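K.L.:
Following this line is my_file_3.cif, made up of mmCIF, C-alpha atoms:
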```cif
data_final
loop_
_atom_site.group_PDB
_atom_site.id
_atom_site.type_symbol
_atom_site.label_atom_id
_atom_site.label_comp_id
_atom_site.auth_asym_id
_atom_site.auth_seq_id
_atom_site.Cartn_x
_atom_site.Cartn_y
_atom_site.Cartn_z
ATOM 1 C CA MET A 1 6.163 34.113 -15.431
ATOM 2 C CA SER A 2 6.195 32.479 -11.975
ATOM 3 C CA GLU A 3 4.472 35.429 -10.299
ATOM 4 C CA HIS A 4 1.287 34.583 -12.220
ATOM 5 C CA LEU A 5 1.226 31.016 -10.913
ATOM 6 C CA PRO A 6 -0.062 29.891 -7.498
ATOM 7 C CA SER A 7 2.362 28.268 -5.087
ATOM 8 C CA VAL A 8 2.025 24.491 -4.806
ATOM 9 C CA THR A 9 2.962 22.002 -2.092
ATOM 10 C CA VAL A 10 3.342 18.377 -3.155
ATOM 11 C CA ILE A 11 2.419 16.023 -0.284
ATOM 12 C CA ILE A 12 3.663 12.428 -0.352
ATOM 13 C CA PRO A 13 3.029 9.942 2.493
ATOM 14 C CA ALA A 14 5.610 7.178 2.939
ATOM 15 C CA ARG A 15 6.554 4.480 5.415
ATOM 16 C CA PRO A 16 9.176 5.277 8.064
ATOM 17 C CA ASP A 17 11.655 2.737 6.632
ATOM 18 C CA GLU A 18 11.148 3.572 2.942
ATOM 19 C CA LEU A 19 14.593 4.512 1.641
ATOM 20 C CA GLU A 20 13.895 5.574 -1.936
ATOM 21 C CA VAL A 21 10.573 7.295 -2.609
ATOM 22 C CA THR A 22 10.161 7.454 -6.375
ATOM 23 C CA ALA A 23 7.340 10.023 -6.179
ATOM 24 C CA VAL A 24 9.761 12.566 -4.703
ATOM 25 C CA THR A 25 12.104 12.202 -7.667
ATOM 26 C CA ALA A 26 9.177 12.660 -10.059
ATOM 27 C CA ALA A 27 7.889 15.661 -8.088
ATOM 28 C CA ARG A 28 11.275 17.379 -8.326
ATOM 29 C CA ALA A 29 11.115 16.971 -12.111
ATOM 30 C CA LEU A 30 7.746 18.749 -12.414
ATOM 31 C CA ASP A 31 7.742 21.647 -14.843
ATOM 32 C CA TYR A 32 7.065 24.419 -12.329
ATOM 33 C CA PRO A 33 9.030 27.390 -10.979
ATOM 34 C CA ALA A 34 11.289 26.356 -8.106
ATOM 35 C CA ASP A 35 10.253 29.349 -5.988
ATOM 36 C CA LYS A 36 6.604 28.254 -6.266
ATOM 37 C CA LEU A 37 7.110 24.557 -5.480
ATOM 38 C CA GLU A 38 7.446 22.833 -2.113
ATOM 39 C CA ILE A 39 7.626 19.070 -1.565
ATOM 40 C CA ILE A 40 6.723 17.491 1.782
ATOM 41 C CA LEU A 41 7.456 13.830 2.441
ATOM 42 C CA ALA A 42 5.378 12.702 5.436
ATOM 43 C CA ARG A 43 6.709 9.515 7.016
ATOM 44 C CA GLY A 44 4.444 7.469 9.263
ATOM 45 C CA LYS A 45 2.037 4.516 9.381
ATOM 46 C CA GLN A 46 -1.382 6.125 8.946
ATOM 47 C CA PRO A 47 -1.713 7.941 5.608
ATOM 48 C CA SER A 48 -4.685 10.075 6.697
ATOM 49 C CA VAL A 49 -2.722 11.346 9.690
ATOM 50 C CA GLN A 50 0.397 11.829 7.559
ATOM 51 C CA ARG A 51 -1.463 13.864 4.945
ATOM 52 C CA ASN A 52 -3.197 16.023 7.551
ATOM 53 C CA THR A 53 0.085 16.733 9.325
ATOM 54 C CA ALA A 54 1.721 17.752 6.042
ATOM 55 C CA LEU A 55 -1.353 19.776 5.042
ATOM 56 C CA ARG A 56 -1.104 21.894 8.193
ATOM 57 C CA ALA A 57 2.601 22.496 7.533
ATOM 58 C CA ALA A 58 2.177 23.260 3.824
ATOM 59 C CA SER A 59 2.783 26.769 2.514
ATOM 60 C CA GLY A 60 1.317 26.331 -0.979
ATOM 61 C CA GLU A 61 -1.971 27.840 -2.082
ATOM 62 C CA LEU A 62 -2.641 24.515 -3.775
ATOM 63 C CA VAL A 63 -1.620 21.046 -2.602
ATOM 64 C CA TYR A 64 -0.861 18.163 -4.921
ATOM 65 C CA PHE A 65 -1.324 14.748 -3.322
ATOM 66 C CA LEU A 66 0.739 11.859 -4.681
ATOM 67 C CA ASP A 67 1.239 8.337 -3.383
ATOM 68 C CA ASP A 68 4.817 7.272 -2.763
ATOM 69 C CA ASP A 69 4.880 5.169 -5.965
ATOM 70 C CA ALA A 70 3.013 7.608 -8.237
ATOM 71 C CA LEU A 71 5.144 9.066 -11.025
ATOM 72 C CA ALA A 72 3.639 12.397 -12.023
ATOM 73 C CA VAL A 73 3.938 13.576 -15.614
ATOM 74 C CA THR A 74 6.173 16.653 -15.763
ATOM 75 C CA GLY A 75 3.455 18.954 -17.114
ATOM 76 C CA ASN A 76 0.786 18.056 -14.558
ATOM 77 C CA LEU A 77 1.054 21.164 -12.382
ATOM 78 C CA ARG A 78 1.012 23.685 -15.210
ATOM 79 C CA ARG A 79 -1.964 21.862 -16.686
ATOM 80 C CA GLY A 80 -3.747 21.518 -13.357
ATOM 81 C CA VAL A 81 -3.394 25.024 -11.958
ATOM 82 C CA GLU A 82 -5.223 26.441 -14.979
ATOM 83 C CA LYS A 83 -8.443 24.771 -13.814
ATOM 84 C CA PHE A 84 -8.231 26.652 -10.507
ATOM 85 C CA ARG A 85 -8.697 29.991 -12.243
ATOM 86 C CA ASP A 86 -12.363 29.134 -11.730
ATOM 87 C CA ALA A 87 -12.892 30.109 -8.078
ATOM 88 C CA LYS A 88 -15.541 27.407 -7.636
ATOM 89 C CA VAL A 89 -13.100 24.586 -8.436
ATOM 90 C CA GLN A 90 -11.866 23.121 -5.150
ATOM 91 C CA MET A 91 -10.375 19.778 -6.176
ATOM 92 C CA LEU A 92 -9.044 18.344 -9.423
ATOM 93 C CA GLY A 93 -7.797 14.903 -10.282
ATOM 94 C CA GLY A 94 -7.102 12.394 -13.010
ATOM 95 C CA PRO A 95 -6.293 8.729 -13.496
ATOM 96 C CA ASN A 96 -3.353 6.628 -12.408
ATOM 97 C CA LEU A 97 -2.270 4.486 -15.341
ATOM 98 C CA CYS A 98 -0.416 1.193 -15.465
ATOM 99 C CA PRO A 99 2.943 1.565 -17.272
ATOM 100 C CA ALA A 100 3.297 -0.443 -20.484
ATOM 101 C CA VAL A 101 6.442 -2.090 -19.067
ATOM 102 C CA ALA A 102 4.558 -3.574 -16.081
ATOM 103 C CA PRO A 103 4.460 -7.403 -15.859
ATOM 104 C CA PHE A 104 1.632 -9.333 -17.537
ATOM 105 C CA LEU A 105 -0.348 -9.982 -14.340
ATOM 106 C CA GLU A 106 -0.319 -6.299 -13.419
ATOM 107 C CA GLN A 107 -1.571 -5.470 -16.903
ATOM 108 C CA VAL A 108 -4.498 -7.823 -16.283
ATOM 109 C CA PHE A 109 -5.202 -6.150 -12.931
ATOM 110 C CA ALA A 110 -5.207 -2.761 -14.677
ATOM 111 C CA LEU A 111 -7.671 -4.064 -17.243
ATOM 112 C CA VAL A 112 -10.035 -5.194 -14.502
ATOM 113 C CA LEU A 113 -9.762 -1.868 -12.687
ATOM 114 C CA SER A 114 -10.638 0.009 -15.873
ATOM 115 C CA SER A 115 -13.726 -2.114 -16.660
ATOM 116 C CA TRP A 116 -17.291 -0.883 -16.256
ATOM 117 C CA ILE A 117 -18.674 -4.022 -14.666
ATOM 118 C CA ALA A 118 -15.983 -4.108 -11.988
ATOM 119 C CA PHE A 119 -15.730 -0.441 -11.006
ATOM 120 C CA GLY A 120 -18.481 1.465 -12.810
ATOM 121 C CA PRO A 121 -17.783 5.209 -13.004
ATOM 122 C CA SER A 122 -14.740 4.735 -10.760
ATOM 123 C CA ARG A 123 -12.944 3.124 -13.689
ATOM 124 C CA ALA A 124 -12.021 6.708 -14.624
ATOM 125 C CA ARG A 125 -9.466 6.493 -11.813
ATOM 126 C CA TYR A 126 -7.569 3.848 -13.795
ATOM 127 C CA ALA A 127 -8.145 4.861 -17.422
ATOM 128 C CA LYS A 128 -8.492 8.020 -19.478
ATOM 129 C CA VAL A 129 -12.257 8.397 -19.743
ATOM 130 C CA GLY A 130 -13.961 11.201 -21.662
ATOM 131 C CA SER A 131 -12.864 14.826 -21.477
ATOM 132 C CA VAL A 132 -12.341 17.502 -18.810
ATOM 133 C CA ARG A 133 -15.566 17.767 -16.803
ATOM 134 C CA GLU A 134 -17.186 18.469 -13.472
ATOM 135 C CA THR A 135 -17.466 15.234 -11.551
ATOM 136 C CA SER A 136 -18.037 13.545 -8.179
ATOM 137 C CA GLU A 137 -15.770 11.707 -5.763
ATOM 138 C CA LYS A 138 -16.453 8.503 -7.715
ATOM 139 C CA GLU A 139 -13.967 9.470 -10.441
ATOM 140 C CA LEU A 140 -11.158 11.008 -8.366
ATOM 141 C CA ILE A 141 -8.403 9.240 -6.455
ATOM 142 C CA LEU A 142 -6.003 10.567 -3.826
ATOM 143 C CA CYS A 143 -2.803 9.266 -5.432
ATOM 144 C CA ASN A 144 -3.179 12.017 -8.073
ATOM 145 C CA MET A 145 -5.188 14.966 -6.799
ATOM 146 C CA LEU A 146 -4.901 18.755 -6.514
ATOM 147 C CA GLY A 147 -6.864 20.847 -4.018
ATOM 148 C CA ARG A 148 -7.066 24.290 -2.447
ATOM 149 C CA ARG A 149 -5.247 24.176 0.890
ATOM 150 C CA GLU A 150 -7.582 26.649 2.619
ATOM 151 C CA THR A 151 -10.650 24.668 1.564
ATOM 152 C CA LEU A 152 -9.202 21.374 2.783
ATOM 153 C CA LEU A 153 -8.276 22.904 6.128
ATOM 154 C CA ALA A 154 -11.684 24.582 6.458
ATOM 155 C CA HIS A 155 -13.298 21.158 6.183
ATOM 156 C CA GLY A 156 -10.992 19.684 8.801
ATOM 157 C CA GLY A 157 -8.746 17.789 6.410
ATOM 158 C CA PHE A 158 -9.094 14.040 6.020
ATOM 159 C CA ASN A 159 -11.130 11.917 8.417
ATOM 160 C CA GLU A 160 -8.377 10.092 10.298
ATOM 161 C CA ALA A 161 -10.762 7.289 11.272
ATOM 162 C CA LEU A 162 -10.936 6.305 7.591
ATOM 163 C CA TYR A 163 -8.364 4.565 5.431
ATOM 164 C CA PRO A 164 -8.993 4.144 2.592
ATOM 165 C CA ASN A 165 -11.830 6.466 1.439
ATOM 166 C CA GLU A 166 -10.721 9.396 3.577
ATOM 167 C CA GLU A 167 -10.618 11.570 0.458
ATOM 168 C CA ASN A 168 -14.076 10.473 -0.682
ATOM 169 C CA ALA A 169 -15.714 11.628 2.538
ATOM 170 C CA LEU A 170 -13.881 14.952 2.326
ATOM 171 C CA MET A 171 -14.893 15.493 -1.297
ATOM 172 C CA ASP A 172 -18.523 14.727 -0.443
ATOM 173 C CA ASN A 173 -18.440 17.463 2.197
ATOM 174 C CA ILE A 174 -16.776 19.949 -0.170
ATOM 175 C CA GLN A 175 -19.366 19.277 -2.855
ATOM 176 C CA LYS A 176 -22.235 19.632 -0.385
ATOM 177 C CA ALA A 177 -20.854 23.080 0.495
ATOM 178 C CA GLY A 178 -21.020 24.133 -3.172
ATOM 179 C CA GLY A 179 -17.454 23.375 -4.214
ATOM 180 C CA LYS A 180 -16.727 22.025 -7.669
ATOM 181 C CA LEU A 181 -14.772 18.817 -8.315
ATOM 182 C CA MET A 182 -13.099 18.394 -11.707
ATOM 183 C CA TYR A 183 -11.759 15.403 -13.634
ATOM 184 C CA ASP A 184 -9.078 15.729 -16.323
ATOM 185 C CA PRO A 185 -8.144 12.487 -18.146
ATOM 186 C CA GLU A 186 -4.857 14.020 -19.297
ATOM 187 C CA LEU A 187 -3.772 14.883 -15.746
ATOM 188 C CA PHE A 188 -2.379 11.424 -15.079
ATOM 189 C CA VAL A 189 0.363 9.639 -13.191
ATOM 190 C CA TRP A 190 2.090 6.339 -13.898
ATOM 191 C CA ARG A 191 1.513 3.821 -11.132
ATOM 192 C CA ARG A 192 1.790 0.046 -11.091
ATOM 193 C CA PRO A 193 -1.134 -1.980 -9.715
ATOM 194 C CA ARG A 194 -0.638 -4.577 -6.996
ATOM 195 C CA ARG A 195 2.133 -7.089 -7.710
ATOM 196 C CA THR A 196 0.427 -10.372 -6.733
ATOM 197 C CA LEU A 197 -3.057 -11.864 -6.755
ATOM 198 C CA GLN A 198 -3.080 -11.918 -2.952
ATOM 199 C CA GLN A 199 -2.242 -8.200 -2.790
ATOM 200 C CA PHE A 200 -4.910 -7.424 -5.392
ATOM 201 C CA MET A 201 -7.613 -9.272 -3.444
ATOM 202 C CA ARG A 202 -6.558 -7.613 -0.197
ATOM 203 C CA MET A 203 -6.830 -4.242 -1.947
ATOM 204 C CA LEU A 204 -10.373 -5.048 -3.086
ATOM 205 C CA MET A 205 -11.396 -6.020 0.439
ATOM 206 C CA ASN A 206 -9.873 -2.812 1.791
ATOM 207 C CA TYR A 207 -11.748 -0.770 -0.823
ATOM 208 C CA GLY A 208 -15.012 -2.427 0.183
ATOM 209 C CA ARG A 209 -14.342 -1.957 3.884
ATOM 210 C CA GLY A 210 -13.356 1.673 3.354
ATOM 211 C CA ARG A 211 -16.518 2.456 1.387
ATOM 212 C CA ALA A 212 -18.717 0.894 4.083
ATOM 213 C CA GLU A 213 -16.932 2.849 6.810
ATOM 214 C CA GLN A 214 -17.312 6.014 4.755
ATOM 215 C CA PHE A 215 -21.043 5.352 4.408
ATOM 216 C CA ARG A 216 -21.310 4.947 8.174
ATOM 217 C CA THR A 217 -19.574 8.270 8.849
ATOM 218 C CA THR A 218 -20.883 10.361 5.925
ATOM 219 C CA PRO A 219 -23.856 8.584 4.288
ATOM 220 C CA THR A 220 -24.778 9.816 0.804
ATOM 221 C CA LEU A 221 -26.979 8.552 -2.009
ATOM 222 C CA GLY A 222 -23.838 8.247 -4.137
ATOM 223 C CA SER A 223 -22.703 5.300 -2.019
ATOM 224 C CA LEU A 224 -25.856 3.250 -2.605
ATOM 225 C CA PRO A 225 -24.502 1.486 -5.749
ATOM 226 C CA ASN A 226 -21.672 0.167 -3.562
ATOM 227 C CA PHE A 227 -24.217 -2.022 -1.790
ATOM 228 C CA VAL A 228 -24.555 -4.162 -4.943
ATOM 229 C CA PRO A 229 -21.403 -6.318 -4.365
ATOM 230 C CA PRO A 230 -22.345 -7.175 -0.740
ATOM 231 C CA MET A 231 -25.888 -8.024 -1.896
ATOM 232 C CA PHE A 232 -24.334 -10.221 -4.591
ATOM 233 C CA CYS A 233 -22.332 -12.034 -1.897
ATOM 234 C CA ALA A 234 -25.515 -12.552 0.130
ATOM 235 C CA TYR A 235 -27.193 -13.927 -3.011
ATOM 236 C CA LEU A 236 -24.335 -16.401 -3.549
ATOM 237 C CA VAL A 237 -24.618 -17.651 0.034
ATOM 238 C CA ALA A 238 -28.388 -18.131 -0.322
ATOM 239 C CA LEU A 239 -28.199 -19.654 -3.807
ATOM 240 C CA ILE A 240 -27.661 -23.309 -2.860
ATOM 241 C CA PRO A 241 -30.514 -23.648 -0.330
ATOM 242 C CA LEU A 242 -32.887 -21.557 -2.465
ATOM 243 C CA THR A 243 -32.208 -23.664 -5.572
ATOM 244 C CA TYR A 244 -33.642 -26.637 -3.676
ATOM 245 C CA PHE A 245 -37.018 -24.887 -3.581
ATOM 246 C CA THR A 246 -37.040 -23.257 -7.022
ATOM 247 C CA PRO A 247 -34.587 -23.242 -9.946
ATOM 248 C CA TRP A 248 -35.756 -19.737 -10.919
ATOM 249 C CA VAL A 249 -33.268 -18.247 -8.472
ATOM 250 C CA LEU A 250 -30.563 -19.197 -10.998
ATOM 251 C CA LEU A 251 -31.860 -16.647 -13.513
ATOM 252 C CA PRO A 252 -30.004 -13.669 -11.942
ATOM 253 C CA MET A 253 -26.803 -15.740 -11.984
ATOM 254 C CA ALA A 254 -27.288 -16.568 -15.656
ATOM 255 C CA PHE A 255 -27.817 -12.883 -16.456
ATOM 256 C CA TYR A 256 -24.735 -11.984 -14.417
ATOM 257 C CA LEU A 257 -22.523 -14.486 -16.246
ATOM 258 C CA VAL A 258 -23.723 -13.285 -19.639
ATOM 259 C CA THR A 259 -22.889 -9.719 -18.585
ATOM 260 C CA ILE A 260 -19.408 -10.815 -17.500
ATOM 261 C CA PHE A 261 -18.739 -12.418 -20.900
ATOM 262 C CA ILE A 262 -19.996 -9.313 -22.712
ATOM 263 C CA GLN A 263 -17.576 -7.204 -20.646
ATOM 264 C CA VAL A 264 -14.686 -9.536 -21.477
ATOM 265 C CA PHE A 265 -15.323 -9.181 -25.202
ATOM 266 C CA ALA A 266 -15.627 -5.407 -24.792
ATOM 267 C CA LEU A 267 -12.158 -5.360 -23.191
ATOM 268 C CA ILE A 268 -10.422 -7.110 -26.109
ATOM 269 C CA PRO A 269 -9.738 -3.935 -28.174
ATOM 270 C CA GLN A 270 -8.096 -2.396 -25.105
ATOM 271 C CA GLY A 271 -6.288 -5.356 -23.556
ATOM 272 C CA GLY A 272 -6.074 -7.999 -26.261
ATOM 273 C CA LEU A 273 -7.622 -11.466 -26.261
ATOM 274 C CA ILE A 274 -5.304 -13.203 -23.771
ATOM 275 C CA ARG A 275 -5.361 -10.458 -21.127
ATOM 276 C CA SER A 276 -9.131 -10.075 -21.471
ATOM 277 C CA LEU A 277 -9.724 -13.823 -20.982
ATOM 278 C CA CYS A 278 -7.430 -13.777 -17.942
ATOM 279 C CA ALA A 279 -9.491 -10.883 -16.578
ATOM 280 C CA LEU A 280 -12.707 -12.952 -16.638
ATOM 281 C CA PRO A 281 -12.337 -14.723 -13.247
ATOM 282 C CA LEU A 282 -10.926 -11.550 -11.702
ATOM 283 C CA LEU A 283 -14.081 -9.623 -12.628
ATOM 284 C CA VAL A 284 -16.130 -12.069 -10.548
ATOM 285 C CA GLU A 285 -13.578 -12.072 -7.736
ATOM 286 C CA THR A 286 -13.682 -8.261 -7.696
ATOM 287 C CA HIS A 287 -17.378 -8.317 -6.782
ATOM 288 C CA VAL A 288 -16.929 -11.099 -4.235
ATOM 289 C CA PHE A 289 -13.927 -9.680 -2.382
ATOM 290 C CA TYR A 290 -15.210 -6.089 -2.496
ATOM 291 C CA GLY A 291 -18.536 -7.363 -1.145
ATOM 292 C CA ILE A 292 -16.878 -9.284 1.682
ATOM 293 C CA GLY A 293 -14.848 -6.196 2.578
ATOM 294 C CA PHE A 294 -18.011 -4.069 2.533
ATOM 295 C CA TRP A 295 -19.794 -6.415 4.950
ATOM 296 C CA ARG A 296 -16.775 -6.272 7.218
ATOM 297 C CA GLY A 297 -16.702 -2.462 7.076
ATOM 298 C CA LEU A 298 -20.314 -2.260 8.238
ATOM 299 C CA PHE A 299 -19.284 -3.710 11.600
ATOM 300 C CA THR A 300 -15.701 -2.545 12.205
ATOM 301 C CA THR A 301 -14.861 -0.382 15.200
ATOM 302 C CA LEU A 302 -13.959 3.100 13.999
ATOM 303 C CA LYS A 303 -11.360 5.181 15.797
ATOM 304 C CA PRO A 304 -12.955 8.086 17.662
ATOM 305 C CA PRO A 305 -12.002 11.602 16.472
ATOM 306 C CA GLY A 306 -8.613 12.759 17.698
ATOM 307 C CA VAL A 307 -7.046 9.305 18.037
ATOM 308 C CA LYS A 308 -3.624 9.380 16.361
ATOM 309 C CA SER A 309 -1.342 6.682 15.038
ATOM 310 C CA ASP A 310 1.134 5.191 17.508
ATOM 311 C CA VAL A 311 3.940 6.189 15.131
ATOM 312 C CA PRO A 312 4.620 9.942 15.049
ATOM 313 C CA VAL A 313 4.696 11.643 11.668
ATOM 314 C CA LYS A 314 8.070 12.922 10.501
ATOM 315 C CA LEU A 315 8.061 15.619 7.837
ATOM 316 C CA GLU A 316 10.879 16.081 5.337
ATOM 317 C CA ILE A 317 10.602 19.272 3.304
ATOM 318 C CA PHE A 318 12.351 19.589 -0.060
ATOM 319 C CA GLY A 319 12.782 22.209 -2.689
ATOM 320 C CA LYS A 320 12.805 21.429 -6.365
#
```
Let me see the file written as structure tokens.

P.N.:
Amino acid sequence: MSEHLPSVTVIIPARPDELEVTAVTAARALDYPADKLEIILARGKQPSVQRNTALRAASGELVYFLDDDALAVTGNLRRGVEKFRDAKVQMLGGPNLCPAVAPFLEQVFALVLSSWIAFGPSRARYAKVGSVRETSEKELILCNMLGRRETLLAHGGFNEALYPNEENALMDNIQKAGGKLMYDPELFVWRRPRRTLQQFMRMLMNYGRGRAEQFRTTPTLGSLPNFVPPMFCAYLVALIPLTYFTPWVLLPMAFYLVTIFIQVFALIPQGGLIRSLCALPLLVETHVFYGIGFWRGLFTTLKPPGVKSDVPVKLEIFGK
């Protein structure tokens, strides 16, 4: 049977001092022929550089990108490779889901990430949404993504000046060239959200910064909705002085708060009453911290092409 399946390289970036990489254990348990499966652990301190280094060393026709803490479901590869029988399909991904055994706070974070008002179409990265379909970079995430190695290399791999959002810029370029991106809600991995509130807020700021930097390097119309959180932050800053002149400026805030409460009630069937109420302030903080990060990303200094991380990448290649 294995001769009818494409070869696959699983690429996992990790820190230099990370002793136990759980994604490697999960990758070795994937239901796939051993002679068709290669696993590359890329140790370093710049994930874009690590992934590109592993991509150039990979032997698989397809590459499966996992984060170091992503636990892939055993049937993911057999399910995923079927979509690549369509020659136009270049990348395929699915959500990363919070395990049911995760602590309460992480469950609340997962609820926020999967909400429409916080992440819009990108909530499909954190929840099973809809059915198998053609999609855009908005719904795919690099911690659980398959792609054609030749296509990725032909587009120069990941932009090493970007982290995060290096995959989003690459997918934009692939789609512009006529390639098809696919989303499969059943192609999922288990992955815990951030552990603390501080880590969660830092993640949101990094997401905002990364999207702004991506817009600067590869501007697309698809990134325009990401300007809403920074505009919301600007509105909040202007709200106090403007209220002095006219109370009508409070109307958008009233509409916003009503929308937040509607979203909280909509989350109750999924997350329960207590988790949904706890998510309420985090929904607002998501917009604020993402917006602050976006403003920062508009003015950061990007690394010029060719600049590498100070820490060399070390590759460890495993069989099944």

K.L.:
Which residues would end up in the selection if the PyMOL selection byres ((chain A and resi 64) around 9) were applied here, given that I need the answer as a list in words?

P.N.:
Val8, Thr9, Val10, Ile11, Ile12, Leu62, Val63, Phe65, Leu66, Leu77, Asn144, Met145, Leu146 and Gly147 of chain A

K.L.:
For the PyMOL selection byres ((chain A and resi 289) around 10), applied here, can you spell out every residue it catches as a ChimeraX atom specification?

P.N.:
/A:200-209,229-230,233,282,284-288,290-295

K.L.:
Write a file of the selected residues as a CSV table (one decimal), keeping the file's coordinate frame, keeping C-alpha atoms.

P.N.:
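Printed below is part_9.csv as written:
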```csv
chain,number,residue,atom,x,y,z
A,200,PHE,CA,-4.9,-7.4,-5.4
A,201,MET,CA,-7.6,-9.3,-3.4
A,202,ARG,CA,-6.6,-7.6,-0.2
A,203,MET,CA,-6.8,-4.2,-1.9
A,204,LEU,CA,-10.4,-5.0,-3.1
A,205,MET,CA,-11.4,-6.0,0.4
A,206,ASN,CA,-9.9,-2.8,1.8
A,207,TYR,CA,-11.7,-0.8,-0.8
A,208,GLY,CA,-15.0,-2.4,0.2
A,209,ARG,CA,-14.3,-2.0,3.9
A,229,PRO,CA,-21.4,-6.3,-4.4
A,230,PRO,CA,-22.3,-7.2,-0.7
A,233,CYS,CA,-22.3,-12.0,-1.9
A,282,LEU,CA,-10.9,-11.6,-11.7
A,284,VAL,CA,-16.1,-12.1,-10.5
A,285,GLU,CA,-13.6,-12.1,-7.7
A,286,THR,CA,-13.7,-8.3,-7.7
A,287,HIS,CA,-17.4,-8.3,-6.8
A,288,VAL,CA,-16.9,-11.1,-4.2
A,290,TYR,CA,-15.2,-6.1,-2.5
A,291,GLY,CA,-18.5,-7.4,-1.1
A,292,ILE,CA,-16.9,-9.3,1.7
A,293,GLY,CA,-14.8,-6.2,2.6
A,294,PHE,CA,-18.0,-4.1,2.5
A,295,TRP,CA,-19.8,-6.4,5.0
```

K.L.:
Enumerate, as a PDB file with C-alpha atoms, in the frame of the given file, the residues matched when the PyMOL selection byres ((chain A and resi 182-191) around 9) is run on the file above.

P.N.:
```
ATOM      1  CA  LEU A  66       0.739  11.859  -4.681  1.00  0.00           C
ATOM      2  CA  ASP A  67       1.239   8.337  -3.383  1.00  0.00           C
ATOM      3  CA  ASP A  69       4.880   5.169  -5.965  1.00  0.00           C
ATOM      4  CA  ALA A  70       3.013   7.608  -8.237  1.00  0.00           C
ATOM      5  CA  LEU A  71       5.144   9.066 -11.025  1.00  0.00           C
ATOM      6  CA  ALA A  72       3.639  12.397 -12.023  1.00  0.00           C
ATOM      7  CA  VAL A  73       3.938  13.576 -15.614  1.00  0.00           C
ATOM      8  CA  GLY A  75       3.455  18.954 -17.114  1.00  0.00           C
ATOM      9  CA  ASN A  76       0.786  18.056 -14.558  1.00  0.00           C
ATOM     10  CA  LEU A  77       1.054  21.164 -12.382  1.00  0.00           C
ATOM     11  CA  ARG A  79      -1.964  21.862 -16.686  1.00  0.00           C
ATOM     12  CA  GLY A  80      -3.747  21.518 -13.357  1.00  0.00           C
ATOM     13  CA  LYS A  83      -8.443  24.771 -13.814  1.00  0.00           C
ATOM     14  CA  VAL A  89     -13.100  24.586  -8.436  1.00  0.00           C
ATOM     15  CA  GLN A  90     -11.866  23.121  -5.150  1.00  0.00           C
ATOM     16  CA  MET A  91     -10.375  19.778  -6.176  1.00  0.00           C
ATOM     17  CA  LEU A  92      -9.044  18.344  -9.423  1.00  0.00           C
ATOM     18  CA  GLY A  93      -7.797  14.903 -10.282  1.00  0.00           C
ATOM     19  CA  GLY A  94      -7.102  12.394 -13.010  1.00  0.00           C
ATOM     20  CA  PRO A  95      -6.293   8.729 -13.496  1.00  0.00           C
ATOM     21  CA  ASN A  96      -3.353   6.628 -12.408  1.00  0.00           C
ATOM     22  CA  LEU A  97      -2.270   4.486 -15.341  1.00  0.00           C
ATOM     23  CA  CYS A  98      -0.416   1.193 -15.465  1.00  0.00           C
ATOM     24  CA  PRO A  99       2.943   1.565 -17.272  1.00  0.00           C
ATOM     25  CA  ALA A 124     -12.021   6.708 -14.624  1.00  0.00           C
ATOM     26  CA  ARG A 125      -9.466   6.493 -11.813  1.00  0.00           C
ATOM     27  CA  ALA A 127      -8.145   4.861 -17.422  1.00  0.00           C
ATOM     28  CA  LYS A 128      -8.492   8.020 -19.478  1.00  0.00           C
ATOM     29  CA  VAL A 129     -12.257   8.397 -19.743  1.00  0.00           C
ATOM     30  CA  GLY A 130     -13.961  11.201 -21.662  1.00  0.00           C
ATOM     31  CA  SER A 131     -12.864  14.826 -21.477  1.00  0.00           C
ATOM     32  CA  VAL A 132     -12.341  17.502 -18.810  1.00  0.00           C
ATOM     33  CA  ARG A 133     -15.566  17.767 -16.803  1.00  0.00           C
ATOM     34  CA  GLU A 134     -17.186  18.469 -13.472  1.00  0.00           C
ATOM     35  CA  THR A 135     -17.466  15.234 -11.551  1.00  0.00           C
ATOM     36  CA  SER A 136     -18.037  13.545  -8.179  1.00  0.00           C
ATOM     37  CA  GLU A 139     -13.967   9.470 -10.441  1.00  0.00           C
ATOM     38  CA  LEU A 140     -11.158  11.008  -8.366  1.00  0.00           C
ATOM     39  CA  CYS A 143      -2.803   9.266  -5.432  1.00  0.00           C
ATOM     40  CA  ASN A 144      -3.179  12.017  -8.073  1.00  0.00           C
ATOM     41  CA  LYS A 180     -16.727  22.025  -7.669  1.00  0.00           C
ATOM     42  CA  LEU A 181     -14.772  18.817  -8.315  1.00  0.00           C
ATOM     43  CA  ARG A 192       1.790   0.046 -11.091  1.00  0.00           C
ATOM     44  CA  PRO A 193      -1.134  -1.980  -9.715  1.00  0.00           C
TER      45      PRO A 193
END
```

K.L.:
Pick the closest to Glu61 (chain A) from A:Pro121, A:Pro6, A:Pro269, A:Pro13: which is it, counting all atoms listed in the file?

P.N.:
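Of A:Pro121, A:Pro6, A:Pro269, A:Pro13, the one nearest Glu61 (chain A) is A:Pro6, counting all atoms listed in the file.
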
K.L.:
Just how far from CA of Gly157 (chain A) is CA of Arg194 (chain A), in Å to one decimal?

P.N.:
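So the two atoms, CA of Arg194 (chain A) and CA of Gly157 (chain A), lie 27.3 Å apart.
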
K.L.:
Choose the residue, out of A:Arg43, A:Pro225, A:Thr196, A:Ala58, that has the smallest atom-to-atom separation from Ser122 (chain A); count all atoms listed in the file.

P.N.:
A:Pro225

K.L.:
If you measure from CA of Ile39 (chain A) to CA of Asp68 (chain A), what distance in Å do you get, rounded to one decimal?

P.N.:
12.2 Å

K.L.:
Would you mind listing what lies within 10 Å of Gln214 (chain A) as a VMD selection string, with only C-alpha atoms counted and same-chain residues fewer than 3 positions away left out?

P.N.:
chain A and resid 159 161 to 170 208 to 211 217 to 220 223 297 to 298
